[in-house]
file coords17.txt (compact mmCIF, C-alpha atoms and all ligand atoms)
# COMPACT_ATOMS: atom_id res chain seq x y z
CA MET A 72 15.63 15.18 -35.12
CA THR A 73 18.35 15.97 -37.58
CA ASP A 74 20.05 13.11 -39.26
CA SER A 75 22.81 15.20 -40.75
CA ALA A 76 25.28 15.39 -37.89
CA GLU A 77 28.06 12.88 -37.94
CA TRP A 78 29.25 11.07 -34.88
CA GLN A 79 32.28 12.67 -33.27
CA THR A 80 34.67 10.95 -30.96
CA VAL A 81 34.82 12.76 -27.68
CA HIS A 82 37.86 12.53 -25.53
CA ASP A 83 38.30 13.64 -21.99
CA THR A 84 41.06 15.94 -23.06
CA ALA A 85 41.56 17.98 -26.16
CA VAL A 86 43.00 16.00 -29.05
CA THR A 87 44.47 17.75 -32.03
CA ASN A 88 45.20 16.17 -35.33
CA THR A 89 48.69 17.28 -36.33
CA ASN A 90 48.24 16.27 -39.95
CA GLN A 91 48.05 19.65 -41.66
CA ASP A 92 46.37 18.22 -44.70
CA SER A 93 43.33 17.04 -42.84
CA MET A 94 40.72 18.82 -40.83
CA VAL A 95 41.65 19.50 -37.24
CA HIS A 96 39.07 18.26 -34.78
CA VAL A 97 39.23 19.49 -31.22
CA THR A 98 36.61 18.12 -28.94
CA ILE A 99 36.54 18.67 -25.21
CA ASN A 100 34.19 16.94 -22.85
CA THR A 101 34.51 18.00 -19.27
CA THR A 102 30.98 16.98 -18.26
CA LEU A 103 30.83 13.88 -16.11
CA ILE A 104 28.76 11.15 -17.74
CA CYS A 105 28.05 9.72 -14.29
CA GLN A 106 28.26 11.90 -11.20
CA ASN A 107 29.70 9.05 -9.13
CA MET A 108 32.77 8.34 -11.26
CA THR A 109 35.24 9.98 -13.56
CA ASN A 110 34.78 9.58 -17.30
CA GLN A 111 37.91 7.41 -17.34
CA GLU A 112 36.36 5.10 -14.74
CA PHE A 113 33.12 5.11 -16.69
CA ALA A 114 34.90 4.07 -19.89
CA LYS A 115 36.68 1.25 -18.05
CA ILE A 116 33.42 -0.03 -16.54
CA ILE A 117 31.61 0.12 -19.87
CA MET A 118 34.24 -2.06 -21.49
CA LYS A 119 34.11 -4.48 -18.55
CA VAL A 120 30.33 -4.84 -18.67
CA ARG A 121 30.38 -4.99 -22.47
CA ASP A 122 32.85 -7.88 -22.31
CA ALA A 123 30.69 -9.64 -19.72
CA ALA A 124 27.62 -9.20 -21.95
CA VAL A 125 29.56 -10.63 -24.91
CA THR A 126 30.50 -13.69 -22.84
CA LEU A 127 26.86 -14.24 -21.80
CA VAL A 128 25.65 -14.08 -25.41
CA ILE A 129 28.39 -16.47 -26.58
CA GLU A 130 27.26 -18.92 -23.87
CA ARG A 131 23.66 -18.74 -25.10
CA ILE A 132 24.65 -19.22 -28.75
CA ALA A 133 26.38 -22.47 -27.74
CA ALA A 134 23.42 -23.56 -25.61
CA VAL A 135 20.83 -22.82 -28.32
CA SER A 136 22.87 -24.85 -30.75
CA LYS A 137 22.64 -27.83 -28.35
CA TRP A 138 19.02 -27.04 -27.34
CA ASP A 139 19.00 -29.67 -24.61
CA ALA A 140 16.29 -30.07 -21.96
CA GLN A 141 17.92 -27.53 -19.66
CA GLU A 142 18.04 -24.90 -22.39
CA ARG A 143 14.47 -25.59 -23.45
CA ALA A 144 13.41 -25.12 -19.82
CA ARG A 145 15.26 -21.82 -19.72
CA ALA A 146 13.57 -20.67 -22.93
CA THR A 147 10.19 -21.71 -21.56
CA THR A 148 10.81 -19.65 -18.42
CA TYR A 149 11.34 -16.48 -20.41
CA PHE A 150 9.28 -17.05 -23.54
CA GLY A 151 6.50 -19.38 -22.39
CA ARG A 152 7.47 -22.00 -24.96
CA ALA A 153 10.56 -23.64 -26.44
CA ASP A 154 9.36 -24.59 -29.90
CA GLU A 155 11.16 -24.31 -33.23
CA GLU A 156 9.98 -20.74 -33.75
CA ILE A 157 11.57 -19.61 -30.49
CA ARG A 158 14.75 -21.47 -31.33
CA SER A 159 14.96 -19.98 -34.82
CA VAL A 160 14.46 -16.43 -33.49
CA LEU A 161 17.33 -17.05 -31.07
CA VAL A 162 19.54 -18.69 -33.70
CA ALA A 163 19.08 -15.67 -35.96
CA GLY A 164 19.15 -12.94 -33.31
CA LEU A 165 21.90 -13.91 -30.89
CA PRO A 166 24.82 -13.64 -33.37
CA LYS A 167 23.50 -10.24 -34.50
CA LEU A 168 23.23 -9.12 -30.89
CA LEU A 169 26.78 -10.32 -30.33
CA PHE A 170 27.91 -8.23 -33.30
CA ALA A 171 26.16 -5.12 -31.95
CA LEU A 172 27.66 -5.60 -28.48
CA ARG A 173 31.14 -5.98 -29.95
CA GLU A 174 30.67 -2.63 -31.72
CA LEU A 175 29.85 -0.93 -28.45
CA VAL A 176 32.54 1.42 -27.16
CA PRO A 177 32.36 3.97 -24.33
CA GLU A 178 32.24 6.88 -26.81
CA LYS A 179 28.86 5.63 -28.01
CA ILE A 180 27.32 5.91 -24.57
CA VAL A 181 26.19 9.45 -23.80
CA ARG A 182 24.21 11.25 -21.15
CA TRP A 183 20.60 11.68 -22.22
CA ASP A 184 20.99 15.44 -21.78
CA ASP A 185 24.42 15.61 -23.39
CA ALA A 186 24.90 17.99 -26.27
CA LEU A 187 25.87 14.90 -28.24
CA ASN A 188 22.20 13.98 -28.26
CA LYS A 189 21.95 16.17 -31.29
CA ASN A 190 23.51 13.19 -33.02
CA LEU A 191 20.62 10.97 -32.06
CA THR A 192 17.99 10.35 -34.65
CA CYS A 193 15.03 10.19 -32.31
CA ALA A 194 13.59 12.02 -29.34
CA ILE A 195 14.93 10.86 -26.00
CA VAL A 196 12.70 11.07 -22.93
CA ALA A 197 13.84 12.90 -19.80
CA ASP A 198 15.51 11.36 -16.77
CA SER A 199 12.80 10.05 -14.45
CA GLY A 200 15.17 8.46 -11.96
CA ASN A 201 13.75 5.09 -13.00
CA ASN A 202 14.72 4.80 -16.63
CA ARG A 203 18.16 3.42 -17.36
CA ALA A 204 18.87 4.06 -21.00
CA GLY A 205 17.42 4.61 -24.42
CA VAL A 206 18.37 3.96 -28.03
CA CYS A 207 17.12 4.98 -31.42
CA LYS A 208 15.95 1.59 -32.64
CA PRO A 209 16.71 1.90 -36.31
CA ASP A 210 20.04 3.61 -35.78
CA SER A 211 22.20 0.57 -36.30
CA ARG A 212 24.90 2.62 -37.93
CA ARG A 213 25.71 4.82 -34.93
CA ARG A 214 24.33 2.62 -32.17
CA VAL A 215 24.37 5.43 -29.65
CA ILE A 216 22.99 4.59 -26.22
CA ALA A 217 21.74 7.45 -24.08
CA ILE A 218 21.98 6.70 -20.36
CA TYR A 219 20.22 8.15 -17.32
CA SER A 220 21.41 8.69 -13.77
CA ALA A 221 20.02 5.36 -12.48
CA PHE A 222 22.34 3.50 -14.85
CA CYS A 223 25.29 5.04 -13.00
CA THR A 224 24.29 3.69 -9.59
CA ASP A 225 23.15 0.24 -10.78
CA SER A 226 25.48 -2.64 -10.05
CA ASN A 227 27.87 -3.57 -12.80
CA GLY A 228 26.86 -7.19 -13.06
CA GLU A 229 24.61 -8.37 -10.23
CA LEU A 230 22.20 -10.03 -12.59
CA TRP A 231 19.37 -10.64 -10.13
CA HIS A 232 18.55 -6.94 -10.06
CA GLY A 233 19.50 -3.75 -11.87
CA ALA A 234 22.82 -4.20 -13.61
CA LYS A 235 24.70 -2.31 -16.27
CA VAL A 236 25.37 -5.60 -18.06
CA LYS A 237 21.63 -6.18 -18.42
CA THR A 238 20.91 -2.62 -19.50
CA ILE A 239 23.33 -2.71 -22.40
CA ILE A 240 22.02 -6.13 -23.49
CA HIS A 241 18.47 -4.78 -23.23
CA GLU A 242 19.26 -1.72 -25.32
CA CYS A 243 21.11 -3.71 -27.97
CA THR A 244 18.14 -6.12 -28.37
CA HIS A 245 16.08 -3.12 -29.56
CA TYR A 246 18.04 -2.53 -32.74
CA THR A 247 16.10 -3.45 -35.83
CA ASP A 248 19.06 -5.49 -37.06
CA THR A 249 19.31 -7.57 -33.86
CA PHE A 250 16.02 -8.68 -32.20
CA ASN A 251 13.98 -5.56 -33.05
CA SER A 252 12.55 -5.97 -29.54
CA GLU A 253 9.86 -3.86 -27.89
CA ASP A 254 9.26 -2.78 -24.32
CA ILE A 255 6.01 -4.64 -23.80
CA ILE A 256 6.69 -5.05 -20.09
CA TYR A 257 9.70 -4.27 -17.92
CA GLY A 258 10.88 -6.87 -15.47
CA ASN A 259 13.98 -7.33 -13.41
CA THR A 260 13.13 -10.62 -11.75
CA GLU A 261 12.93 -14.15 -13.06
CA GLY A 262 9.52 -14.65 -11.42
CA GLY A 263 8.04 -11.58 -13.05
CA MET A 264 9.32 -12.52 -16.46
CA ARG A 265 8.11 -16.11 -16.07
CA ALA A 266 4.61 -14.91 -15.17
CA PHE A 267 4.57 -12.62 -18.19
CA ALA A 268 5.79 -15.40 -20.49
CA LEU A 269 3.14 -17.85 -19.27
CA GLY A 270 0.38 -15.39 -20.06
CA ASN A 271 1.93 -14.05 -23.26
CA PRO A 272 3.69 -16.90 -25.10
CA ASP A 273 3.15 -15.14 -28.43
CA SER A 274 4.78 -11.83 -27.56
CA ALA A 275 7.40 -12.67 -24.90
CA ILE A 276 10.01 -13.43 -27.57
CA ARG A 277 9.65 -9.81 -28.76
CA ASN A 278 9.92 -8.27 -25.28
CA ALA A 279 13.31 -6.72 -24.53
CA ASP A 280 13.45 -7.68 -20.85
CA SER A 281 12.36 -11.26 -21.63
CA ILE A 282 15.23 -11.67 -24.10
CA THR A 283 17.58 -9.94 -21.65
CA GLY A 284 16.46 -12.24 -18.84
CA TYR A 285 16.94 -15.32 -20.98
CA ILE A 286 20.51 -14.24 -21.77
CA SER A 287 21.50 -13.03 -18.31
CA THR A 288 19.96 -15.18 -15.64
CA PHE A 289 19.39 -13.46 -12.39
CA ASP A 290 21.35 -15.82 -10.19
CA LYS A 291 24.87 -14.85 -11.10
CA THR A 292 27.28 -12.02 -10.71
CA VAL A 293 29.52 -10.98 -13.57
CA ALA A 294 31.74 -7.93 -14.11
CA ARG A 295 32.26 -7.13 -10.43
ZN ZN B 301 13.84 -0.78 -23.81
call {"tool": "encode", "arguments": {"input": "coords17.txt", "output": "structure tokens"}}
result
Amino acid sequence: MTDSAEWQTVHDTAVTNTNQDSMVHVTINTTLICQNMTNQEFAKIIMKVRDAAVTLVIERIAAVSKWDAQERARATTYFGRADEEIRSVLVAGLPKLLFALRELVPEKIVRWDDALNKNLTCAIVADSGNNRAGVCKPDSRRRVIAIYSAFCTDSNGELWHGAKVKTIIHECTHYTDTFNSEDIIYGNTEGGMRAFALGNPDSAIRNADSITGYISTFDKTVAR
């Protein structure tokens, strides 16, 4: 994919730059990002779930710094162990993840089939009805997230099942400058992730949904 195109801000209405000395950019996006809401509603929801994700990560940074028995139990649930290696990965990765989430704005979230995909630096797979989103892992400069239709109908923040909050955390863990996570196994439930962690204590800390589960426990609702 081409790496030459620069990111353009896309507004819901035409915006003209009245400064005659600079280039005039007119971008119009009339395509709905999600069929079940306007693009204005979508933008509002993205900021709401982004803020909820930021809060969850801040809570974990504080908890990892304490690293009490409760937090070690939580880490063991999702990573199969709570040793110094796990803690140091979290200490290094969580603030970077927080930084990436704070950079996230609605304009960086595009439909997978949007023309804006030409700005992505990797191939994006088609909408299967099951996939939620995709990112180009090394693209920490643009941090564009491509979303699929299932993302639109997921809850905003019902953390025990599909939730937009979890999807954006998941995607942001993939960036090479955050956790550089992989999709070793997908899992939306605490039980599933615990079983995976028990059998795979070496790799769970690299698995996107394990890190996502650790950050966003499945027993709460945020960003209603
Ligand atoms: Zn993933």
call {"tool": "closest_residue", "arguments": {"input": "coords17.txt", "among": "A:Ala124, A:Ala146, A:Val236, A:Ala204", "to": "Ala221 of chain A", "atoms": "all atoms listed in the file"}}
result
A:Ala204
call {"tool": "residues_around", "arguments": {"input": "coords17.txt", "residues": "segment 151-167 of chain A", "least_positions_apart": "3", "cutoff": "10 Å", "atoms": "all atoms listed in the file", "output": "VMD selection string"}}
result
chain A and resid 128 to 129 131 to 133 135 to 136 138 140 142 to 148 170 to 173 243 to 244 246 248 to 251 264 to 277 282 286
call {"tool": "write_last_selection", "arguments": {"input": "coords17.txt", "atoms": "C-alpha atoms", "output": "mmCIF file, keeping the file's coordinate frame"}}
result
data_model
loop_
_atom_site.group_PDB
_atom_site.id
_atom_site.type_symbol
_atom_site.label_atom_id
_atom_site.label_comp_id
_atom_site.auth_asym_id
_atom_site.auth_seq_id
_atom_site.Cartn_x
_atom_site.Cartn_y
_atom_site.Cartn_z
ATOM 1 C CA VAL A 128 25.650 -14.080 -25.410
ATOM 2 C CA ILE A 129 28.390 -16.470 -26.580
ATOM 3 C CA ARG A 131 23.660 -18.740 -25.100
ATOM 4 C CA ILE A 132 24.650 -19.220 -28.750
ATOM 5 C CA ALA A 133 26.380 -22.470 -27.740
ATOM 6 C CA VAL A 135 20.830 -22.820 -28.320
ATOM 7 C CA SER A 136 22.870 -24.850 -30.750
ATOM 8 C CA TRP A 138 19.020 -27.040 -27.340
ATOM 9 C CA ALA A 140 16.290 -30.070 -21.960
ATOM 10 C CA GLU A 142 18.040 -24.900 -22.390
ATOM 11 C CA ARG A 143 14.470 -25.590 -23.450
ATOM 12 C CA ALA A 144 13.410 -25.120 -19.820
ATOM 13 C CA ARG A 145 15.260 -21.820 -19.720
ATOM 14 C CA ALA A 146 13.570 -20.670 -22.930
ATOM 15 C CA THR A 147 10.190 -21.710 -21.560
ATOM 16 C CA THR A 148 10.810 -19.650 -18.420
ATOM 17 C CA PHE A 170 27.910 -8.230 -33.300
ATOM 18 C CA ALA A 171 26.160 -5.120 -31.950
ATOM 19 C CA LEU A 172 27.660 -5.600 -28.480
ATOM 20 C CA ARG A 173 31.140 -5.980 -29.950
ATOM 21 C CA CYS A 243 21.110 -3.710 -27.970
ATOM 22 C CA THR A 244 18.140 -6.120 -28.370
ATOM 23 C CA TYR A 246 18.040 -2.530 -32.740
ATOM 24 C CA ASP A 248 19.060 -5.490 -37.060
ATOM 25 C CA THR A 249 19.310 -7.570 -33.860
ATOM 26 C CA PHE A 250 16.020 -8.680 -32.200
ATOM 27 C CA ASN A 251 13.980 -5.560 -33.050
ATOM 28 C CA MET A 264 9.320 -12.520 -16.460
ATOM 29 C CA ARG A 265 8.110 -16.110 -16.070
ATOM 30 C CA ALA A 266 4.610 -14.910 -15.170
ATOM 31 C CA PHE A 267 4.570 -12.620 -18.190
ATOM 32 C CA ALA A 268 5.790 -15.400 -20.490
ATOM 33 C CA LEU A 269 3.140 -17.850 -19.270
ATOM 34 C CA GLY A 270 0.380 -15.390 -20.060
ATOM 35 C CA ASN A 271 1.930 -14.050 -23.260
ATOM 36 C CA PRO A 272 3.690 -16.900 -25.100
ATOM 37 C CA ASP A 273 3.150 -15.140 -28.430
ATOM 38 C CA SER A 274 4.780 -11.830 -27.560
ATOM 39 C CA ALA A 275 7.400 -12.670 -24.900
ATOM 40 C CA ILE A 276 10.010 -13.430 -27.570
ATOM 41 C CA ARG A 277 9.650 -9.810 -28.760
ATOM 42 C CA ILE A 282 15.230 -11.670 -24.100
ATOM 43 C CA ILE A 286 20.510 -14.240 -21.770
#
call {"tool": "atom_distance", "arguments": {"input": "coords17.txt", "atom1": "atom CA of Ile117 of chain A", "atom2": "atom CA of Ala217 of chain A"}}
result
13.0 Å
call {"tool": "residues_near_ligand", "arguments": {"input": "coords17.txt", "ligand": "ligand ZN 301 (chain B)", "cutoff": "7 Å", "atoms": "all atoms listed in the file", "output": "ChimeraX atom specification"}}
result
/A:205,241-242,245,253-254,279
call {"tool": "atom_distance", "arguments": {"input": "coords17.txt", "atom1": "atom CA of Ile218 of chain A", "atom2": "atom CA of Met118 of chain A"}}
result
15.1 Å
call {"tool": "decode", "arguments": {"input": "coords17.txt", "residues": "segment 146-181 of chain A", "atoms": "N, CA and C atoms", "output": "compact mmCIF listing (two decimals), in the first residue's frame"}}
result
# COMPACT_ATOMS: atom_id res chain seq x y z
N ALA A 146 -3.68 -9.98 37.43
CA ALA A 146 -2.66 -10.27 36.41
C ALA A 146 -2.58 -11.76 36.14
N THR A 147 -2.64 -12.55 37.20
CA THR A 147 -2.56 -14.01 37.03
C THR A 147 -3.74 -14.53 36.22
N THR A 148 -4.91 -13.92 36.43
CA THR A 148 -6.09 -14.34 35.67
C THR A 148 -5.86 -14.18 34.18
N TYR A 149 -5.26 -13.07 33.79
CA TYR A 149 -5.14 -12.78 32.35
C TYR A 149 -3.80 -13.16 31.74
N PHE A 150 -2.77 -13.32 32.58
CA PHE A 150 -1.46 -13.62 32.02
C PHE A 150 -0.86 -14.92 32.54
N GLY A 151 -1.56 -15.58 33.46
CA GLY A 151 -1.07 -16.87 33.97
C GLY A 151 0.03 -16.75 35.01
N ARG A 152 0.48 -15.54 35.25
CA ARG A 152 1.53 -15.32 36.26
C ARG A 152 1.54 -13.82 36.61
N ALA A 153 2.13 -13.51 37.74
CA ALA A 153 2.22 -12.11 38.16
C ALA A 153 3.62 -11.85 38.68
N ASP A 154 4.61 -12.25 37.88
CA ASP A 154 6.00 -12.07 38.30
C ASP A 154 6.53 -10.69 37.87
N GLU A 155 7.80 -10.47 38.09
CA GLU A 155 8.39 -9.16 37.80
C GLU A 155 8.39 -8.86 36.30
N GLU A 156 8.49 -9.91 35.47
CA GLU A 156 8.48 -9.67 34.03
C GLU A 156 7.13 -9.11 33.59
N ILE A 157 6.06 -9.74 34.10
CA ILE A 157 4.71 -9.26 33.77
C ILE A 157 4.56 -7.81 34.23
N ARG A 158 4.98 -7.57 35.47
CA ARG A 158 4.83 -6.22 36.00
C ARG A 158 5.62 -5.21 35.16
N SER A 159 6.82 -5.56 34.77
CA SER A 159 7.63 -4.59 34.02
C SER A 159 7.06 -4.34 32.62
N VAL A 160 6.47 -5.36 32.00
CA VAL A 160 5.80 -5.14 30.71
C VAL A 160 4.65 -4.16 30.88
N LEU A 161 3.90 -4.34 31.97
CA LEU A 161 2.76 -3.44 32.23
C LEU A 161 3.23 -2.03 32.58
N VAL A 162 4.27 -1.94 33.39
CA VAL A 162 4.80 -0.62 33.78
C VAL A 162 5.26 0.15 32.55
N ALA A 163 5.88 -0.56 31.61
CA ALA A 163 6.36 0.11 30.39
C ALA A 163 5.24 0.38 29.41
N GLY A 164 4.31 -0.57 29.27
CA GLY A 164 3.31 -0.49 28.20
C GLY A 164 2.10 0.37 28.51
N LEU A 165 1.64 0.36 29.74
CA LEU A 165 0.39 1.07 30.04
C LEU A 165 0.49 2.58 29.78
N PRO A 166 1.56 3.25 30.20
CA PRO A 166 1.63 4.70 29.89
C PRO A 166 1.68 4.98 28.39
N LYS A 167 2.31 4.08 27.62
CA LYS A 167 2.36 4.27 26.16
C LYS A 167 0.98 4.05 25.56
N LEU A 168 0.27 3.06 26.09
CA LEU A 168 -1.10 2.82 25.63
C LEU A 168 -1.98 4.04 25.95
N LEU A 169 -1.78 4.59 27.12
CA LEU A 169 -2.54 5.78 27.52
C LEU A 169 -2.28 6.93 26.54
N PHE A 170 -1.03 7.10 26.16
CA PHE A 170 -0.65 8.14 25.21
C PHE A 170 -1.35 7.91 23.87
N ALA A 171 -1.35 6.68 23.40
CA ALA A 171 -1.98 6.36 22.10
C ALA A 171 -3.49 6.62 22.17
N LEU A 172 -4.12 6.25 23.28
CA LEU A 172 -5.56 6.45 23.41
C LEU A 172 -5.90 7.94 23.44
N ARG A 173 -5.03 8.71 24.08
CA ARG A 173 -5.29 10.15 24.16
C ARG A 173 -5.13 10.82 22.81
N GLU A 174 -4.39 10.19 21.91
CA GLU A 174 -4.23 10.73 20.54
C GLU A 174 -5.42 10.38 19.66
N LEU A 175 -6.24 9.46 20.12
CA LEU A 175 -7.34 8.97 19.29
C LEU A 175 -8.45 10.01 19.19
N VAL A 176 -8.82 10.34 17.97
CA VAL A 176 -9.93 11.25 17.71
C VAL A 176 -10.83 10.59 16.66
N PRO A 177 -12.10 11.01 16.60
CA PRO A 177 -13.02 10.34 15.67
C PRO A 177 -12.52 10.33 14.23
N GLU A 178 -11.82 11.38 13.81
CA GLU A 178 -11.35 11.45 12.42
C GLU A 178 -10.39 10.33 12.08
N LYS A 179 -9.80 9.68 13.09
CA LYS A 179 -8.84 8.62 12.82
C LYS A 179 -9.51 7.25 12.74
N ILE A 180 -10.83 7.24 12.93
CA ILE A 180 -11.55 5.97 12.84
C ILE A 180 -12.35 5.98 11.55
N VAL A 181 -12.04 5.06 10.66
CA VAL A 181 -12.64 5.04 9.33
C VAL A 181 -13.31 3.70 9.07
